[in-house]
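A.B. asks: File follows, query_31.txt with compact mmCIF, C-alpha atoms and all ligand atoms:
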# COMPACT_ATOMS: atom_id res chain seq x y z
CA MET A 549 136.94 -74.11 25.91
CA SER A 550 139.23 -74.03 28.94
CA SER A 551 140.05 -77.33 30.57
CA LYS A 552 139.65 -75.89 34.04
CA PRO A 553 137.17 -77.98 35.99
CA ILE A 554 134.10 -76.17 37.30
CA LEU A 555 132.64 -79.30 38.90
CA GLN A 556 134.53 -82.30 40.24
CA VAL A 557 132.44 -85.16 41.53
CA SER A 558 134.28 -88.07 43.09
CA ASN A 559 132.91 -91.43 44.17
CA LEU A 560 129.44 -90.02 44.74
CA THR A 561 126.92 -92.46 46.18
CA LYS A 562 123.31 -91.86 47.18
CA ARG A 563 121.17 -94.64 48.60
CA PHE A 564 117.48 -94.89 49.34
CA GLY A 565 117.30 -97.83 51.77
CA ASN A 566 118.71 -100.77 49.82
CA LEU A 567 118.48 -99.01 46.47
CA VAL A 568 121.72 -97.44 45.28
CA ALA A 569 120.33 -94.60 43.12
CA VAL A 570 123.76 -93.07 42.42
CA ASN A 571 126.61 -95.56 42.66
CA ASN A 572 130.21 -94.40 43.05
CA VAL A 573 130.05 -91.79 40.27
CA THR A 574 133.19 -89.85 39.39
CA LEU A 575 133.10 -87.17 36.70
CA GLN A 576 134.31 -83.69 35.87
CA ILE A 577 132.70 -80.83 34.00
CA HIS A 578 134.96 -78.11 32.59
CA GLU A 579 134.31 -74.38 32.45
CA GLY A 580 132.39 -73.37 29.35
CA GLU A 581 131.31 -76.86 28.32
CA ILE A 582 127.89 -78.13 27.40
CA VAL A 583 127.65 -81.70 28.62
CA GLY A 584 124.79 -84.17 28.56
CA LEU A 585 123.73 -86.73 31.14
CA ILE A 586 121.62 -89.53 29.72
CA GLY A 587 120.36 -92.95 30.71
CA PRO A 588 117.17 -94.98 31.07
CA ASN A 589 114.32 -94.06 33.40
CA GLY A 590 115.39 -94.60 36.99
CA ALA A 591 119.11 -94.46 36.10
CA GLY A 592 119.70 -91.85 38.81
CA LYS A 593 120.00 -88.66 36.73
CA THR A 594 117.64 -86.54 38.83
CA THR A 595 119.05 -88.01 42.04
CA PHE A 596 122.53 -87.06 40.83
CA PHE A 597 121.35 -83.44 40.36
CA ASN A 598 119.60 -83.48 43.73
CA THR A 599 122.75 -84.74 45.42
CA ILE A 600 125.18 -82.26 43.88
CA THR A 601 122.86 -79.27 44.46
CA GLY A 602 122.49 -80.02 48.16
CA LEU A 603 118.86 -81.21 48.15
CA TYR A 604 120.16 -84.62 49.29
CA THR A 605 123.27 -85.34 51.32
CA PRO A 606 125.44 -87.99 49.65
CA ASP A 607 126.14 -91.21 51.53
CA GLU A 608 129.64 -91.21 50.12
CA GLY A 609 131.83 -89.06 47.93
CA ARG A 610 132.78 -85.45 47.37
CA VAL A 611 131.50 -82.57 45.30
CA ILE A 612 133.94 -79.76 44.50
CA PHE A 613 132.51 -76.68 42.79
CA LYS A 614 134.88 -73.98 41.54
CA GLY A 615 137.57 -75.43 43.77
CA GLU A 616 135.41 -75.37 46.90
CA ASP A 617 134.16 -78.48 48.70
CA ILE A 618 130.35 -78.17 48.70
CA THR A 619 129.53 -81.67 49.94
CA GLY A 620 126.60 -81.35 52.34
CA VAL A 621 126.20 -77.59 51.81
CA PRO A 622 122.50 -76.54 51.68
CA PRO A 623 120.88 -75.69 48.29
CA HIS A 624 120.50 -71.92 48.81
CA LYS A 625 124.22 -71.58 49.58
CA ILE A 626 125.15 -73.65 46.53
CA CYS A 627 122.89 -71.45 44.42
CA LYS A 628 124.64 -68.38 45.82
CA LEU A 629 128.00 -69.93 44.88
CA GLY A 630 126.78 -70.13 41.29
CA MET A 631 125.12 -73.49 40.64
CA SER A 632 121.44 -73.52 39.64
CA ARG A 633 119.10 -76.13 38.27
CA THR A 634 115.72 -76.51 36.68
CA PHE A 635 113.25 -79.09 37.93
CA GLN A 636 111.99 -82.05 35.89
CA VAL A 637 108.48 -81.59 37.26
CA THR A 638 108.06 -77.85 36.90
CA LYS A 639 107.31 -76.47 40.30
CA ALA A 640 106.01 -73.15 39.04
CA PHE A 641 104.17 -71.15 41.62
CA THR A 642 100.77 -71.28 39.94
CA GLU A 643 99.43 -68.08 41.51
CA MET A 644 102.51 -66.06 40.60
CA THR A 645 103.00 -64.29 37.31
CA VAL A 646 105.91 -65.00 35.00
CA GLU A 647 107.56 -61.76 36.09
CA GLU A 648 107.17 -62.55 39.79
CA THR A 649 108.61 -66.03 39.29
CA VAL A 650 111.69 -64.72 37.48
CA ARG A 651 112.09 -62.10 40.23
CA VAL A 652 112.36 -64.87 42.85
CA GLY A 653 115.44 -66.11 40.99
CA ALA A 654 116.90 -62.64 40.52
CA TYR A 655 116.88 -61.97 44.28
CA ASN A 656 119.78 -64.45 44.48
CA ARG A 657 122.15 -61.65 43.48
CA HIS A 658 120.08 -58.45 43.54
CA GLY A 659 118.21 -56.27 46.01
CA GLU A 660 115.05 -54.21 45.47
CA ASP A 661 116.99 -51.38 43.86
CA ASP A 662 118.21 -53.32 40.85
CA VAL A 663 116.25 -56.58 40.78
CA MET A 664 113.88 -55.44 38.01
CA GLU A 665 116.77 -54.68 35.69
CA LYS A 666 117.82 -58.31 35.86
CA VAL A 667 114.21 -59.51 35.51
CA ASP A 668 113.74 -57.44 32.33
CA GLU A 669 116.98 -58.71 30.87
CA VAL A 670 116.14 -62.38 31.45
CA ILE A 671 112.53 -62.00 30.29
CA SER A 672 113.78 -60.46 27.08
CA PHE A 673 116.53 -63.07 26.62
CA CYS A 674 114.00 -65.90 27.01
CA GLY A 675 111.34 -64.23 24.84
CA LEU A 676 108.77 -64.00 27.62
CA GLU A 677 107.70 -60.36 27.16
CA GLU A 678 104.24 -61.16 25.86
CA ILE A 679 103.34 -63.39 28.77
CA ARG A 680 105.19 -61.62 31.58
CA HIS A 681 101.99 -60.62 33.40
CA GLN A 682 100.24 -63.96 33.00
CA LYS A 683 99.86 -66.35 35.91
CA CYS A 684 102.08 -69.45 35.66
CA GLY A 685 99.05 -71.62 36.40
CA ASP A 686 97.50 -70.49 33.10
CA LEU A 687 100.50 -71.37 30.93
CA GLY A 688 101.08 -74.36 28.66
CA LEU A 689 103.98 -76.73 29.06
CA ALA A 690 106.39 -75.05 26.64
CA SER A 691 105.94 -71.64 28.27
CA LEU A 692 106.20 -73.11 31.76
CA ARG A 693 109.46 -74.82 30.90
CA ARG A 694 110.80 -71.55 29.59
CA VAL A 695 109.76 -69.71 32.75
CA GLU A 696 111.50 -72.39 34.78
CA LEU A 697 114.65 -71.82 32.73
CA ALA A 698 114.32 -68.05 33.13
CA ARG A 699 113.95 -68.37 36.92
CA ALA A 700 117.14 -70.44 37.07
CA MET A 701 118.99 -68.09 34.70
CA ALA A 702 117.99 -65.09 36.81
CA THR A 703 120.06 -66.49 39.69
CA GLU A 704 123.08 -65.85 37.42
CA PRO A 705 124.67 -69.28 37.62
CA ASP A 706 128.12 -70.25 36.38
CA LEU A 707 126.87 -73.83 36.09
CA LEU A 708 123.27 -74.53 35.11
CA LEU A 709 121.79 -78.02 35.36
CA LEU A 710 118.74 -78.70 33.21
CA ASP A 711 116.49 -81.64 34.04
CA GLU A 712 114.54 -82.57 30.91
CA ALA A 713 113.91 -79.02 29.76
CA GLY A 714 113.06 -80.37 26.29
CA ALA A 715 110.45 -82.93 27.37
CA GLY A 716 107.11 -82.60 25.60
CA LEU A 717 108.18 -79.73 23.34
CA THR A 718 107.39 -79.61 19.62
CA ALA A 719 110.27 -79.60 17.15
CA ALA A 720 109.98 -75.82 16.74
CA GLU A 721 109.89 -75.20 20.50
CA LEU A 722 112.88 -77.49 20.92
CA ALA A 723 114.86 -75.58 18.28
CA GLU A 724 114.10 -72.31 20.12
CA LEU A 725 115.17 -73.78 23.45
CA MET A 726 118.43 -75.05 21.96
CA GLU A 727 119.14 -71.62 20.52
CA ILE A 728 118.56 -69.97 23.91
CA LEU A 729 120.91 -72.48 25.55
CA ARG A 730 123.62 -71.99 22.92
CA GLN A 731 123.44 -68.23 23.38
CA LEU A 732 123.53 -68.55 27.15
CA ASN A 733 126.63 -70.71 26.86
CA LYS A 734 128.41 -68.54 24.29
CA GLU A 735 127.44 -65.00 25.29
CA GLN A 736 127.17 -65.38 29.05
CA SER A 737 129.74 -68.16 29.49
CA VAL A 738 127.37 -70.36 31.44
CA THR A 739 128.48 -73.99 31.67
CA LEU A 740 125.56 -76.33 31.01
CA CYS A 741 124.74 -79.88 32.03
CA VAL A 742 121.58 -81.22 30.42
CA VAL A 743 119.67 -84.29 31.47
CA GLU A 744 117.56 -85.22 28.49
CA HIS A 745 115.75 -88.08 26.79
CA VAL A 746 115.33 -86.08 23.58
CA MET A 747 118.36 -87.35 21.67
CA GLN A 748 118.08 -84.65 19.02
CA MET A 749 118.77 -82.09 21.73
CA VAL A 750 121.55 -84.03 23.47
CA MET A 751 123.39 -84.91 20.28
CA GLY A 752 122.94 -81.44 18.79
CA LEU A 753 123.96 -79.46 21.83
CA CYS A 754 126.52 -81.38 23.84
CA GLU A 755 130.26 -81.65 23.38
CA ARG A 756 130.53 -84.54 25.82
CA ILE A 757 127.99 -86.98 27.17
CA PHE A 758 127.89 -89.05 30.36
CA VAL A 759 125.74 -92.16 30.52
CA LEU A 760 124.22 -93.48 33.73
CA ASP A 761 122.64 -96.88 34.09
CA ALA A 762 121.26 -98.21 37.37
CA GLY A 763 123.19 -95.50 39.23
CA GLU A 764 126.52 -96.25 37.59
CA LEU A 765 128.46 -94.20 35.09
CA ILE A 766 128.84 -96.65 32.21
CA ALA A 767 130.31 -94.37 29.53
CA GLU A 768 131.53 -90.89 28.71
CA GLY A 769 132.53 -89.42 25.38
CA THR A 770 131.61 -87.30 22.39
CA PRO A 771 128.12 -87.70 20.89
CA GLU A 772 129.63 -89.87 18.18
CA GLU A 773 131.49 -92.10 20.61
CA ILE A 774 128.38 -92.48 22.75
CA SER A 775 126.14 -93.25 19.76
CA ASN A 776 128.49 -96.06 18.75
CA ASN A 777 129.20 -97.47 22.20
CA PRO A 778 127.78 -101.02 22.37
CA ARG A 779 127.18 -100.85 26.11
CA VAL A 780 125.22 -97.61 25.78
CA ILE A 781 123.20 -98.97 22.87
CA GLU A 782 122.33 -102.03 24.90
CA ALA A 783 121.48 -100.16 28.09
CA TYR A 784 119.67 -97.22 26.61
CA LEU A 785 119.84 -96.08 23.03
CA GLY A 786 118.54 -99.32 21.54
CA GLU A 787 115.87 -98.34 19.09
CA ARG A 788 115.92 -94.64 19.92
CA ALA A 789 116.23 -92.68 16.72
CA ILE A 790 119.50 -90.78 16.63
CA ARG A 791 119.32 -87.98 14.17
N1 LIG A 801 113.16 -89.72 47.12
C1 LIG A 801 113.30 -91.00 46.75
N2 LIG A 801 113.06 -92.02 47.61
C2 LIG A 801 113.23 -93.31 47.22
N3 LIG A 801 113.64 -93.70 46.00
C3 LIG A 801 113.88 -92.73 45.11
C4 LIG A 801 113.72 -91.33 45.42
N4 LIG A 801 114.04 -90.60 44.34
C5 LIG A 801 114.37 -91.47 43.38
N5 LIG A 801 114.29 -92.74 43.84
C6 LIG A 801 114.64 -93.97 43.08
O1 LIG A 801 115.99 -93.82 42.68
C7 LIG A 801 116.18 -94.31 41.35
C8 LIG A 801 116.70 -93.19 40.48
O2 LIG A 801 115.65 -92.25 40.25
P1 LIG A 801 115.85 -90.90 39.46
O3 LIG A 801 114.59 -90.14 39.58
O4 LIG A 801 117.09 -90.25 39.91
O5 LIG A 801 116.05 -91.43 37.97
P2 LIG A 801 116.13 -90.61 36.61
O6 LIG A 801 117.34 -91.11 35.91
O7 LIG A 801 116.01 -89.16 36.85
O8 LIG A 801 114.84 -91.16 35.83
P3 LIG A 801 113.85 -90.40 34.78
O9 LIG A 801 114.54 -90.47 33.44
O10 LIG A 801 112.63 -91.29 34.80
O11 LIG A 801 113.59 -89.03 35.28
C9 LIG A 801 114.82 -94.86 40.91
O12 LIG A 801 114.80 -96.23 41.17
C10 LIG A 801 113.84 -94.13 41.81
O13 LIG A 801 112.67 -94.88 42.02
MG MG A 802 114.69 -87.73 36.30
Just dump the structure as structure tokens.

C.D. replies:
Amino acid sequence: MSSKPILQVSNLTKRFGNLVAVNNVTLQIHEGEIVGLIGPNGAGKTTFFNTITGLYTPDEGRVIFKGEDITGVPPHKICKLGMSRTFQVTKAFTEMTVEETVRVGAYNRHGEDDVMEKVDEVISFCGLEEIRHQKCGDLGLASLRRVELARAMATEPDLLLLDEAGAGLTAAELAELMEILRQLNKEQSVTLCVVEHVMQMVMGLCERIFVLDAGELIAEGTPEEISNNPRVIEAYLGERAIR
């Protein structure tokens, strides 16, 4: 792992009226890392993603991606620069097939002449061959989540943010997802940031973990440090089973 930062967030604040959803957060993610972002419901995890990917404009703070200031830059430009994300509530286009959905992502870096090459590669990588011609509206949750991941991967990000990609999956589906993510990180050098309530996935996958509570970053450290941090246990882990 290099220690070169890919993402530098400083003093990021996002308010909704009187509610401070993200409160003065400063953190760095290094090239090649897999980091986790955890915290109770309403802690600000999704808002943090929305604010660094340009969906929301921060009220305060700076976001530097690959050395470039991207604060206030619109989402499609940030995606072009190499940061993609998956959505917590899968926004699959129900009338589109799996293949068409992945193609939407692939157009980020490809034109008509070579877009299908990328689509085939990602569909194969994510194990979606058998359902590539099915409509997304007909798919179950596990498949939909995988299509959502494939769409984001097809944009060819350097940094991929995953918002609860493991939610609602069976143990076997979760193991498959973790394997795909490990491969993506190792073989394609994609830096990953996963927001996740499934502790098995966070603890098994991440080298470092950030903890948000009520918009504030209350801890950062290795899975072991986080599991033993009294403040994190009190705010979040509590009775959650850590395997
Ligand atoms: N668009 C919005 N307008 C107003 N308030 C919002 C908006 N989006 C989020 N919030 C509020 O901001 C806070 C942080 O929400 P957010 O969705 O970021 O939390 P989260 O950590 O992703 O939670 P979860 O684990 O449930 O997904 C919550 O109090 C939420 O109600
Ligand atoms: Mg969320």

A.B. asks: Nearest to Glu744 of chain A among A:Glu724, A:Glu712, A:Asp706, A:Glu647, with distances taken over all atoms listed in the file: which residue is it?

C.D. replies: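 Comparing A:Glu724, A:Glu712, A:Asp706, A:Glu647 against Glu744 of chain A, the winner is A:Glu712.
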
A.B. asks: So which residues touch Asn733 of chain A within 10 Å, counting all atoms listed in the file, skipping near sequence neighbours fewer than 5 positions away, as a ChimeraX atom specification?

C.D. replies: /A:580-582,706-708,727-728,738-740

A.B. asks: Draw an axis-aligned box tight on the listed atoms of ligand LIG 801 (chain A), then pad every side by 3 Å and write out centre and edge lengths in Å to one decimal as AutoDock Vina command-line options.

C.D. replies:
--center_x 115.0 --center_y -92.6 --center_z 40.5 --size_x 10.7 --size_y 13.2 --size_z 20.2

A.B. asks: Pick from A:Asp607, A:Phe641, A:Ile554, A:Arg779: nearest to Asp686 of chain A, with all atoms listed in the file counted?

C.D. replies: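 Smallest separation from Asp686 of chain A among the options: A:Phe641.
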
A.B. asks: Residues of chain A that approach ligand LIG 801 (chain A) to 8 Å or less, counting all atoms listed in the file: could you list each one with the shortest pair of atoms and its distance in Å to one decimal, rows by chain and increasing residue number, as a tab-separated table?

C.D. replies:
residue	atom	partner	partner_atom	distance
A:Arg563	CA	A:LIG801	O1	7.9
A:Phe564	CA	A:LIG801	C2	5.0
A:Gly565	CA	A:LIG801	C2	7.6
A:Leu567	CA	A:LIG801	O1	6.9
A:Val568	CA	A:LIG801	O1	7.3
A:Ala569	CA	A:LIG801	O1	4.4
A:Val570	CA	A:LIG801	C8	7.3
A:Ile586	CA	A:LIG801	O6	7.7
A:Gly587	CA	A:LIG801	O6	6.3
A:Pro588	CA	A:LIG801	O9	5.7
A:Asn589	CA	A:LIG801	O10	3.5
A:Gly590	CA	A:LIG801	O5	3.4
A:Ala591	CA	A:LIG801	O6	3.8
A:Gly592	CA	A:LIG801	O4	3.3
A:Lys593	CA	A:LIG801	O6	3.7
A:Thr594	CA	A:LIG801	O7	3.7
A:Thr595	CA	A:LIG801	O4	3.7
A:Phe596	CA	A:LIG801	O4	6.4
A:Gln636	CA	A:LIG801	O11	7.2
A:Glu712	CA	A:LIG801	O11	7.9
A:Glu744	CA	A:LIG801	O9	7.8
A:His745	CA	A:LIG801	O9	7.2
A:Leu760	CA	A:LIG801	O6	7.6
A:Ala762	CA	A:LIG801	C8	7.5
A:Gly763	CA	A:LIG801	C8	7.0

A.B. asks: Select, from A:Val670, A:Ala654, A:Ala702, A:Ala715, the residue with the minimum atom-to-atom distance to ligand MG 802 (chain A), counting only C-alpha atoms and all ligand atoms.

C.D. replies: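 Going through A:Val670, A:Ala654, A:Ala702, A:Ala715 one by one, the smallest distance to ligand MG 802 (chain A) is for A:Ala715.
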
A.B. asks: Report, in Å to a single decimal, how far apart atom CA of Gly714 of chain A and atom CA of Gly685 of chain A are.

C.D. replies: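 Calculated distance between atom CA of Gly685 of chain A and atom CA of Gly714 of chain A is 19.4 Å.
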
A.B. asks: Please list as a ChimeraX atom specification every residue within 9 Å of Arg694 of chain A, counting all atoms listed in the file and excluding residues in the same chain fewer than 4 positions away.

C.D. replies: /A:674-676,689-690,698-699,713,725

A.B. asks: Which residue out of A:Cys754, A:Leu585, A:Ala700, A:Met631 has the minimum interatomic distance to ligand MG 802 (chain A) when only C-alpha atoms and all ligand atoms are used?

C.D. replies: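 The shortest atom-to-atom distance to ligand MG 802 (chain A) comes from A:Leu585.
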
A.B. asks: Suppose you want the space between atom CA of Leu732 of chain A and atom CA of Glu669 of chain A; what is it in Å?

C.D. replies: 12.4 Å

A.B. asks: Between A:Leu560, A:His578, A:Lys628, A:Phe635, which has the minimum distance to Glu755 of chain A (counting only C-alpha atoms)?

C.D. replies: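 Smallest separation from Glu755 of chain A among the options: A:His578.
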
A.B. asks: From the set A:Ser775, A:Lys683, A:Thr649, A:Val573, which residue has the shortest atom-to-atom contact distance to Met664 of chain A, counting only C-alpha atoms?

C.D. replies: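 Smallest separation from Met664 of chain A among the options: A:Thr649.
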
A.B. asks: Extract, using only C-alpha atoms, all DNA, RNA and protein residues at most 9 Å from Ala767 of chain A, discarding same-chain residues fewer than 6 positions from it, and format them as a list of chain:residue names.

C.D. replies: A:Ile757, A:Phe758, A:Val759, A:Leu760, A:Ile774, A:Asn777, A:Arg779, A:Val780

A.B. asks: When you look at Asp617 of chain A with a cut-off of 12 Å (counting only C-alpha atoms), what residues show up, excluding the ones that are within fewer than 4 positions of it in the same chain? I need them as an MDAnalysis selection string.

C.D. replies: chainID A and resid 554:558 600 602 609:613 621 626 629
